[in-house]
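Let me begin by presenting the structure, written as structure tokens, before commenting on it.
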There are 2 protein chains.
Amino acid sequence: MKIGIIGAGAVGGYYGALLAKSGFDVHFLLKSDFEHVRKNGLVIDSKNGDFVLNAVNAYSCCEDMPKCDVVIVALKTTDNGLLQTMLPEVLKNKGIVVALQNGLNIEKDISEIVPSATVMGGLCFLCSNKIGPGHIRHLDYGSIRLGQYRKDALPAGVTDALKKVSDIFSKASIPVHPAENLGMARWEKLVWNMSFNGTTVILNATTDRIMNNASSRAMVTEIMREVICGAKICGYQIDDSFTETMLSATQLMVDYRPSMKIDYDTRRLLEIENIYWRPIRAVEENGGEMPKSKILAYQLNFLDQMNRKND
Amino acid sequence: MKIGIIGAGAVGGYYGALLAKSGFDVHFLLKSDFEHVRKNGLVIDSKNGDFVLNAVNAYSCCEDMPKCDVVIVALKTTDNGLLQTMLPEVLKNKGIVVALQNGLNIEKDISEIVPSATVMGGLCFLCSNKIGPGHIRHLDYGSIRLGQYRKDALPAGVTDALKKVSDIFSKASIPVHPAENLGMARWEKLVWNMSFNGTTVILNATTDRIMNNASSRAMVTEIMREVICGAKICGYQIDDSFTETMLSATQLMVDYRPSMKIDYDTRRLLEIENIYWRPIRAVEENGGEMPKSKILAYQLNFLDQMNRKND
């Protein structure tokens, strides 16, 4: 069985290296880091133990890569336009695609590109950053909440395919929690992402500073509540107490820069469309609104455009 | 007739100097700039003509100042706590107080301090900055919308006292537009202040950059609409077209840093309470809400606290 990894950043690099280290036949499709990783391998600094993956099956273009049984999509969603040509090239017929990305409707897009594939979404509870070419720093956590996509958007439950992918990750000591309802899991993830990702950019602050200030803490709490309301409007009943769960989890975190903050600091395109505008539009299409999140989304659009203006 | 000016910054310094230049008997109560202004006078760089006011009646404490017939309050609202002792000291019995400040319920507070006084609010459409001690740069505009306060909060109309103060300003070539309904005028001013003041701080941008970007322009437009809705909930019917009026006016402005942005850049306390929280609470007390403005207010609180943290 061959496993393909598209994108070897903080997520794909970390999980792909763990899978390869556990003996799986892993193939990495890389862009900017290709030459570096081919020569130097992948370097993982992890709180669970540092390691270097020396012999990496690295490819710079999808035509060179073998067809894979399981393809893990770990691109930034802003690059998802590339999947249109990549996925049909690297995925075996009736293979499995696992999207380890944030946002909404990712699996629907993928399913339209490779209609015969089994598509899953994985929500990563992972604090990791790419700190250099082929160099990942894993700070904390690491579990994946994995759910299968159904074209009718109904809960898929725990399928055999889901168990299979779960087993693969488990063998590499990656904790997996199956999600019977992928849509629900995605909205739960948005509760954190919509409140913290943008706020760390707009207020130029790590999670701990946001948590330790009464005003910013009140703000993220209100955003969380708005996302939970939005989820309900879209048919996903998240309990109101989930806000407290997320706040407590964040309180326990190290002083973390989420991916959006790192993207901003390194002047890369931000994932505003998938993390903010898609949920906002989904709620509006169902007759609701997310006024607070919308303010963050507008601010992020402005900051993102100014940030990359001289590129 | 004696005119007192409390605070000689971008507003009080500019208008006070114009009044003194026109021959009125003006007395300035100063804080940090007292020594400098006493020695060097007030320097006004104005698009209408630069001038220096050499002999300034400057005071560092209210006990030294003569009782005045008209007292113009031009402090930052964050210093309004000082009025409790200042106003009874510098205002003649049954005198007139004119508050040239932004925010809500300013006149109510003043009226409670000096109950026998006639209290007015002046909304300044003025682009001016204090650029050094006793040194004001007047960039654009300069008119005052002047309305009288009634303890029952009903529109006071154009009273004799209002005409009197209007005449004073007019003689100093300061354009005055009487407002029959002060509450309405205050809410109209908030339409601009709540949308632009905070946004220039949060997005670190002058008004022109906010106007020239589609996302930030959409955002300030939505905030303006929210303020107009809030005003309606509080009983003030501002026409929806007012948003377009304000956007057009801003488009014509020079690339302006509003007072809140200048306060932020110079690490001074921001007027968040009067410009944001008072209107937000007023709307909430009347059964409405201002979710978008609330996000700005929370963000401003956080940024303000971080900004002055090492003071």
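Identifiers in this document derive from the order of the structure tokens: chains are assigned A, B, ..., residues are numbered from 1 separately in each chain, and ligands are numbered from 1 in order of occurrence.
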>> Using only C-alpha atoms and a cut-off of 10 Å, which residues of chain B sit close to chain A? Please list them as a VMD selection string.
In response: chain B and resid 199 202 to 205 209 to 210 213 to 220 222 to 223 290 to 303 305 to 306
Please produce a file of those selected residues containing N, CA and C atoms, as a tab-separated table (two decimals), in the first residue's frame.
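Output contents, as saved in part_25.tsv:
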```tsv
chain	number	residue	atom	x	y	z
B	199	THR	N	-11.30	51.75	13.30
B	199	THR	CA	-10.74	51.01	12.17
B	199	THR	C	-9.35	51.49	11.81
B	202	ILE	N	-7.14	49.76	14.42
B	202	ILE	CA	-7.04	48.30	14.31
B	202	ILE	C	-6.30	47.89	13.04
B	203	LEU	N	-6.59	48.59	11.94
B	203	LEU	CA	-5.95	48.22	10.66
B	203	LEU	C	-4.70	49.05	10.38
B	204	ASN	N	-4.31	49.91	11.32
B	204	ASN	CA	-3.12	50.74	11.17
B	204	ASN	C	-3.11	51.43	9.80
B	205	ALA	N	-4.14	52.21	9.54
B	205	ALA	CA	-4.29	52.80	8.22
B	205	ALA	C	-4.98	54.16	8.31
B	209	ARG	N	-6.67	54.84	2.82
B	209	ARG	CA	-6.39	53.42	2.56
B	209	ARG	C	-7.61	52.56	2.88
B	210	ILE	N	-8.36	52.97	3.89
B	210	ILE	CA	-9.59	52.23	4.22
B	210	ILE	C	-10.62	52.40	3.12
B	213	ASN	N	-9.79	50.29	-0.31
B	213	ASN	CA	-9.75	48.83	-0.31
B	213	ASN	C	-11.19	48.32	-0.19
B	214	ALA	N	-11.57	47.40	-1.06
B	214	ALA	CA	-12.97	46.95	-1.12
B	214	ALA	C	-13.44	46.34	0.20
B	215	SER	N	-12.58	45.55	0.86
B	215	SER	CA	-13.00	44.88	2.09
B	215	SER	C	-13.18	45.85	3.25
B	216	SER	N	-12.19	46.74	3.43
B	216	SER	CA	-12.32	47.66	4.56
B	216	SER	C	-13.44	48.67	4.30
B	217	ARG	N	-13.63	49.04	3.04
B	217	ARG	CA	-14.72	49.95	2.72
B	217	ARG	C	-16.08	49.28	2.99
B	218	ALA	N	-16.19	48.00	2.62
B	218	ALA	CA	-17.42	47.25	2.92
B	218	ALA	C	-17.63	47.19	4.43
B	219	MET	N	-16.54	47.01	5.16
B	219	MET	CA	-16.65	46.90	6.61
B	219	MET	C	-17.13	48.21	7.25
B	220	VAL	N	-16.51	49.33	6.91
B	220	VAL	CA	-16.96	50.59	7.52
B	220	VAL	C	-18.40	50.91	7.10
B	222	GLU	N	-20.76	48.68	6.62
B	222	GLU	CA	-21.64	47.87	7.47
B	222	GLU	C	-21.71	48.42	8.89
B	223	ILE	N	-20.59	48.93	9.38
B	223	ILE	CA	-20.61	49.53	10.73
B	223	ILE	C	-21.52	50.76	10.71
B	290	MET	N	-25.39	45.79	18.89
B	290	MET	CA	-24.45	46.29	17.88
B	290	MET	C	-23.26	45.34	17.81
B	291	PRO	N	-23.49	44.12	17.28
B	291	PRO	CA	-22.44	43.09	17.34
B	291	PRO	C	-21.16	43.49	16.62
B	292	LYS	N	-21.28	44.21	15.51
B	292	LYS	CA	-20.09	44.55	14.74
B	292	LYS	C	-19.25	45.60	15.47
B	293	SER	N	-19.93	46.63	15.98
B	293	SER	CA	-19.22	47.67	16.73
B	293	SER	C	-18.58	47.09	17.98
B	294	LYS	N	-19.23	46.10	18.55
B	294	LYS	CA	-18.74	45.49	19.78
B	294	LYS	C	-17.39	44.79	19.53
B	295	ILE	N	-17.27	44.17	18.38
B	295	ILE	CA	-15.99	43.52	18.04
B	295	ILE	C	-14.89	44.58	17.97
B	296	LEU	N	-15.18	45.71	17.32
B	296	LEU	CA	-14.18	46.78	17.27
B	296	LEU	C	-13.83	47.26	18.68
B	297	ALA	N	-14.84	47.42	19.52
B	297	ALA	CA	-14.61	47.93	20.88
B	297	ALA	C	-13.72	46.98	21.68
B	298	TYR	N	-14.00	45.69	21.58
B	298	TYR	CA	-13.15	44.70	22.28
B	298	TYR	C	-11.72	44.77	21.76
B	299	GLN	N	-11.59	44.81	20.45
B	299	GLN	CA	-10.24	44.85	19.86
B	299	GLN	C	-9.50	46.10	20.31
B	300	LEU	N	-10.21	47.24	20.34
B	300	LEU	CA	-9.59	48.49	20.76
B	300	LEU	C	-9.16	48.42	22.22
B	301	ASN	N	-10.00	47.86	23.08
B	301	ASN	CA	-9.61	47.70	24.48
B	301	ASN	C	-8.30	46.93	24.59
B	302	PHE	N	-8.23	45.82	23.86
B	302	PHE	CA	-7.01	44.99	23.90
B	302	PHE	C	-5.80	45.79	23.41
B	303	LEU	N	-5.94	46.40	22.24
B	303	LEU	CA	-4.81	47.12	21.64
B	303	LEU	C	-4.37	48.28	22.53
B	305	GLN	N	-4.69	48.54	25.80
B	305	GLN	CA	-4.01	48.05	26.99
B	305	GLN	C	-2.58	47.58	26.67
B	306	MET	N	-2.43	46.89	25.56
B	306	MET	CA	-1.08	46.43	25.18
B	306	MET	C	-0.18	47.62	24.85
```
Set the distance at 12 Å and use only C-alpha atoms: which residues neighbour Glu107 in chain A once local chain neighbours fewer than 5 positions away are removed? I'd like the list as a PDB file with N, CA and C atoms, in the first residue's frame.
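Everything below was put into part.pdb:
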```pdb
ATOM      1  N   VAL A  73      -4.070  15.075   1.690  1.00  0.00           N
ATOM      2  CA  VAL A  73      -3.961  16.439   1.178  1.00  0.00           C
ATOM      3  C   VAL A  73      -3.628  17.361   2.350  1.00  0.00           C
ATOM      4  N   THR A  77      -5.178  25.596   1.980  1.00  0.00           N
ATOM      5  CA  THR A  77      -6.384  25.595   1.139  1.00  0.00           C
ATOM      6  C   THR A  77      -6.305  26.639   0.026  1.00  0.00           C
ATOM      7  N   ASN A  80      -5.567  24.958  -3.099  1.00  0.00           N
ATOM      8  CA  ASN A  80      -6.402  23.824  -3.477  1.00  0.00           C
ATOM      9  C   ASN A  80      -6.758  23.789  -4.959  1.00  0.00           C
ATOM     10  N   LEU A  83      -5.278  20.931  -6.889  1.00  0.00           N
ATOM     11  CA  LEU A  83      -5.749  19.548  -6.738  1.00  0.00           C
ATOM     12  C   LEU A  83      -6.430  19.035  -7.997  1.00  0.00           C
ATOM     13  N   ILE A  96      -8.411   6.380  -1.583  1.00  0.00           N
ATOM     14  CA  ILE A  96      -8.938   7.180  -0.469  1.00  0.00           C
ATOM     15  C   ILE A  96      -8.180   8.506  -0.408  1.00  0.00           C
ATOM     16  N   VAL A  97      -8.933   9.606  -0.290  1.00  0.00           N
ATOM     17  CA  VAL A  97      -8.311  10.914  -0.094  1.00  0.00           C
ATOM     18  C   VAL A  97      -8.627  11.392   1.323  1.00  0.00           C
ATOM     19  N   VAL A  98      -7.605  11.796   2.047  1.00  0.00           N
ATOM     20  CA  VAL A  98      -7.802  12.346   3.392  1.00  0.00           C
ATOM     21  C   VAL A  98      -7.338  13.801   3.378  1.00  0.00           C
ATOM     22  N   ALA A  99      -8.286  14.731   3.552  1.00  0.00           N
ATOM     23  CA  ALA A  99      -7.944  16.152   3.540  1.00  0.00           C
ATOM     24  C   ALA A  99      -7.667  16.615   4.965  1.00  0.00           C
ATOM     25  N   LEU A 100      -6.402  16.906   5.261  1.00  0.00           N
ATOM     26  CA  LEU A 100      -6.045  17.442   6.585  1.00  0.00           C
ATOM     27  C   LEU A 100      -5.972  18.963   6.472  1.00  0.00           C
ATOM     28  N   GLN A 101      -7.133  19.576   6.338  1.00  0.00           N
ATOM     29  CA  GLN A 101      -7.204  21.023   6.104  1.00  0.00           C
ATOM     30  C   GLN A 101      -8.329  21.628   6.921  1.00  0.00           C
ATOM     31  N   ASN A 102      -8.226  22.916   7.154  1.00  0.00           N
ATOM     32  CA  ASN A 102      -9.281  23.635   7.862  1.00  0.00           C
ATOM     33  C   ASN A 102     -10.272  24.244   6.888  1.00  0.00           C
ATOM     34  N   GLU A 112     -15.684  16.152  -6.166  1.00  0.00           N
ATOM     35  CA  GLU A 112     -16.031  16.541  -7.539  1.00  0.00           C
ATOM     36  C   GLU A 112     -14.850  16.356  -8.495  1.00  0.00           C
ATOM     37  N   ILE A 113     -13.637  16.429  -7.946  1.00  0.00           N
ATOM     38  CA  ILE A 113     -12.438  16.237  -8.773  1.00  0.00           C
ATOM     39  C   ILE A 113     -12.196  14.736  -9.045  1.00  0.00           C
ATOM     40  N   VAL A 114     -12.336  13.917  -7.987  1.00  0.00           N
ATOM     41  CA  VAL A 114     -12.140  12.459  -8.115  1.00  0.00           C
ATOM     42  C   VAL A 114     -13.402  11.751  -7.625  1.00  0.00           C
ATOM     43  N   PRO A 115     -14.442  11.690  -8.493  1.00  0.00           N
ATOM     44  CA  PRO A 115     -15.765  11.219  -8.042  1.00  0.00           C
ATOM     45  C   PRO A 115     -15.773   9.765  -7.549  1.00  0.00           C
ATOM     46  N   ALA A 117     -13.486   8.351  -5.745  1.00  0.00           N
ATOM     47  CA  ALA A 117     -12.692   8.212  -4.522  1.00  0.00           C
ATOM     48  C   ALA A 117     -13.571   8.214  -3.271  1.00  0.00           C
ATOM     49  N   THR A 118     -13.062   7.577  -2.239  1.00  0.00           N
ATOM     50  CA  THR A 118     -13.624   7.737  -0.900  1.00  0.00           C
ATOM     51  C   THR A 118     -12.915   8.944  -0.284  1.00  0.00           C
ATOM     52  N   VAL A 119     -13.694   9.908   0.171  1.00  0.00           N
ATOM     53  CA  VAL A 119     -13.084  11.152   0.657  1.00  0.00           C
ATOM     54  C   VAL A 119     -13.331  11.305   2.162  1.00  0.00           C
ATOM     55  N   MET A 120     -12.277  11.650   2.862  1.00  0.00           N
ATOM     56  CA  MET A 120     -12.386  11.886   4.313  1.00  0.00           C
ATOM     57  C   MET A 120     -11.807  13.250   4.662  1.00  0.00           C
ATOM     58  N   GLY A 121     -12.272  13.758   5.777  1.00  0.00           N
ATOM     59  CA  GLY A 121     -11.701  14.984   6.296  1.00  0.00           C
ATOM     60  C   GLY A 121     -11.063  14.690   7.635  1.00  0.00           C
ATOM     61  N   GLY A 122      -9.897  15.229   7.856  1.00  0.00           N
ATOM     62  CA  GLY A 122      -9.224  15.058   9.136  1.00  0.00           C
ATOM     63  C   GLY A 122      -8.988  16.412   9.766  1.00  0.00           C
ATOM     64  N   GLY A 147     -13.359  11.988   9.788  1.00  0.00           N
ATOM     65  CA  GLY A 147     -14.740  11.657   9.411  1.00  0.00           C
ATOM     66  C   GLY A 147     -14.840  11.446   7.916  1.00  0.00           C
ATOM     67  N   GLN A 148     -15.790  10.603   7.511  1.00  0.00           N
ATOM     68  CA  GLN A 148     -15.943  10.318   6.079  1.00  0.00           C
ATOM     69  C   GLN A 148     -17.019  11.210   5.479  1.00  0.00           C
ATOM     70  N   TYR A 149     -16.779  11.592   4.238  1.00  0.00           N
ATOM     71  CA  TYR A 149     -17.715  12.469   3.508  1.00  0.00           C
ATOM     72  C   TYR A 149     -18.726  11.635   2.744  1.00  0.00           C
ATOM     73  N   ARG A 150     -19.984  12.068   2.771  1.00  0.00           N
ATOM     74  CA  ARG A 150     -21.014  11.480   1.917  1.00  0.00           C
ATOM     75  C   ARG A 150     -21.524  12.567   0.989  1.00  0.00           C
ATOM     76  N   LYS A 151     -21.766  12.169  -0.258  1.00  0.00           N
ATOM     77  CA  LYS A 151     -22.197  13.176  -1.225  1.00  0.00           C
ATOM     78  C   LYS A 151     -23.539  13.805  -0.853  1.00  0.00           C
ATOM     79  N   ASP A 152     -24.347  13.080  -0.067  1.00  0.00           N
ATOM     80  CA  ASP A 152     -25.630  13.655   0.344  1.00  0.00           C
ATOM     81  C   ASP A 152     -25.491  14.465   1.639  1.00  0.00           C
ATOM     82  N   ALA A 153     -24.251  14.614   2.105  1.00  0.00           N
ATOM     83  CA  ALA A 153     -23.931  15.422   3.287  1.00  0.00           C
ATOM     84  C   ALA A 153     -24.471  14.843   4.606  1.00  0.00           C
ATOM     85  N   LEU A 182     -19.018  14.143   9.927  1.00  0.00           N
ATOM     86  CA  LEU A 182     -17.913  15.004   9.501  1.00  0.00           C
ATOM     87  C   LEU A 182     -18.288  16.491   9.528  1.00  0.00           C
ATOM     88  N   GLY A 183     -19.502  16.799   9.071  1.00  0.00           N
ATOM     89  CA  GLY A 183     -19.941  18.196   9.044  1.00  0.00           C
ATOM     90  C   GLY A 183     -19.908  18.807  10.440  1.00  0.00           C
ATOM     91  N   ARG A 186     -16.337  19.388  11.489  1.00  0.00           N
ATOM     92  CA  ARG A 186     -15.780  20.569  10.823  1.00  0.00           C
ATOM     93  C   ARG A 186     -16.264  21.854  11.504  1.00  0.00           C
ATOM     94  N   ASN A 274     -11.646  29.909   3.161  1.00  0.00           N
ATOM     95  CA  ASN A 274     -12.128  28.632   3.684  1.00  0.00           C
ATOM     96  C   ASN A 274     -12.505  28.679   5.161  1.00  0.00           C
TER      97      ASN A 274
END
```
>> as a PyMOL selection string, please: every residue in range 147-294 of chain A that DSSP puts in strand (DSSP E or B).
In response: chain A and resi 147-148+176-179
Store the residues picked out above in a file with N, CA and C atoms, as a PDB file, in the first residue's frame.
```
ATOM      1  N   GLY A 147     -13.359  11.988   9.788  1.00  0.00           N
ATOM      2  CA  GLY A 147     -14.740  11.657   9.411  1.00  0.00           C
ATOM      3  C   GLY A 147     -14.840  11.446   7.916  1.00  0.00           C
ATOM      4  N   GLN A 148     -15.790  10.603   7.511  1.00  0.00           N
ATOM      5  CA  GLN A 148     -15.943  10.318   6.079  1.00  0.00           C
ATOM      6  C   GLN A 148     -17.019  11.210   5.479  1.00  0.00           C
ATOM      7  N   VAL A 176      -6.109   8.905  16.697  1.00  0.00           N
ATOM      8  CA  VAL A 176      -7.230   9.227  15.813  1.00  0.00           C
ATOM      9  C   VAL A 176      -8.543   9.065  16.568  1.00  0.00           C
ATOM     10  N   HIS A 177      -9.403  10.049  16.441  1.00  0.00           N
ATOM     11  CA  HIS A 177     -10.750   9.956  17.005  1.00  0.00           C
ATOM     12  C   HIS A 177     -11.734   9.969  15.850  1.00  0.00           C
ATOM     13  N   PRO A 178     -12.443   8.846  15.637  1.00  0.00           N
ATOM     14  CA  PRO A 178     -13.392   8.816  14.517  1.00  0.00           C
ATOM     15  C   PRO A 178     -14.552   9.777  14.782  1.00  0.00           C
ATOM     16  N   ALA A 179     -14.969  10.469  13.732  1.00  0.00           N
ATOM     17  CA  ALA A 179     -16.132  11.358  13.829  1.00  0.00           C
ATOM     18  C   ALA A 179     -17.231  10.761  12.956  1.00  0.00           C
TER      19      ALA A 179
END
```
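Between Val56 in chain A and the residues A:Ile262, A:Cys68, A:Ala20, A:Met86, the shortest atom-to-atom distance, using only C-alpha atoms, involves A:Ala20.
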> Any idea what's packed within 9 Å of Val90 in chain A, counting only C-alpha atoms, ignoring anything in its chain fewer than 5 positions away? Could you give it as a ChimeraX atom specification?
Replying inline: /A:4,62-69,71
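From CA of Pro175 in chain B back to CA of Pro279 in chain B, the distance works out to 27.3 Å.
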>> Env of range 187-189 of chain B: 8 Å cut, atoms = only C-alpha atoms, seq-sep filter 5 positions within chain, self excluded. Answer as a PyMOL selection string.
In response: chain B and resi 102+104+123+227-228+231+236+238
Write a file of the selected residues as a CSV table (one decimal), in the first residue's frame, keeping N, CA and C atoms.
```
chain,number,residue,atom,x,y,z
B,102,ASN,N,-16.4,64.1,21.4
B,102,ASN,CA,-17.1,63.0,20.8
B,102,ASN,C,-17.7,62.1,21.8
B,104,LEU,N,-21.2,59.9,23.6
B,104,LEU,CA,-22.6,60.0,24.0
B,104,LEU,C,-22.7,60.5,25.5
B,123,LEU,N,-20.4,69.3,17.8
B,123,LEU,CA,-19.8,68.3,17.0
B,123,LEU,C,-18.9,68.9,16.0
B,227,VAL,N,-24.8,51.5,13.1
B,227,VAL,CA,-24.9,52.7,14.0
B,227,VAL,C,-26.3,53.4,13.7
B,228,ILE,N,-26.6,53.5,12.4
B,228,ILE,CA,-27.9,54.1,12.0
B,228,ILE,C,-29.1,53.3,12.6
B,231,ALA,N,-29.2,54.0,16.3
B,231,ALA,CA,-29.8,55.3,16.5
B,231,ALA,C,-31.3,55.2,16.5
B,236,TYR,N,-33.7,58.0,17.3
B,236,TYR,CA,-33.2,59.0,16.4
B,236,TYR,C,-33.3,58.4,14.9
B,238,ILE,N,-32.2,58.5,11.6
B,238,ILE,CA,-31.2,58.9,10.6
B,238,ILE,C,-31.6,58.2,9.3
```
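Distance-wise, CA of Lys76 in chain A and CA of Leu190 in chain A end up 15.9 Å apart.
Summary of the local environment: counting only C-alpha atoms, residues at most 7 Å from Tyr256 in chain A, other than itself and those fewer than 2 positions away along its chain, are Thr206, Thr207, Met253, Val254 and Pro258 of chain A.
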Restrict the selected residues to C-alpha atoms and save them as a PDB file, in the first residue's frame.
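After the write, selection.pdb holds the following:
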```
ATOM      1  CA  THR A 206      -0.276  34.714  20.569  1.00  0.00           C
ATOM      2  CA  THR A 207      -3.109  32.665  22.106  1.00  0.00           C
ATOM      3  CA  MET A 253      -1.855  25.529  25.282  1.00  0.00           C
ATOM      4  CA  VAL A 254       1.630  26.868  24.965  1.00  0.00           C
ATOM      5  CA  PRO A 258      -1.852  29.498  14.731  1.00  0.00           C
TER       6      PRO A 258
END
```
> Quick one: DSSP alpha helix (DSSP H) residues in range 214-278 of chain B, as a ChimeraX atom specification?
Replying inline: /B:214-233,242-252,259-265,272,278
>> I'd like the contact shell of Leu42 in chain A - 6 Å cut-off, only C-alpha atoms, skipping same-chain residues fewer than 5 positions apart - returned as a VMD selection string.
In response: chain A and resid 37 52 to 53 134
Produce a file of the selected residues containing C-alpha atoms, as a compact mmCIF listing (two decimals), in the first residue's frame.
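Writing done, so here's part-v3.txt:
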```txt
# COMPACT_ATOMS: atom_id res chain seq x y z
CA VAL A 37 14.18 17.58 1.24
CA VAL A 52 15.36 12.89 10.96
CA LEU A 53 13.78 11.06 8.04
CA GLY A 134 11.91 20.41 5.39
```
>> Please list as a PyMOL selection string every residue within 9 Å of Met246 in chain A, counting only C-alpha atoms and excluding residues in the same chain fewer than 6 positions away.
In response: chain A and resi 191-192+224
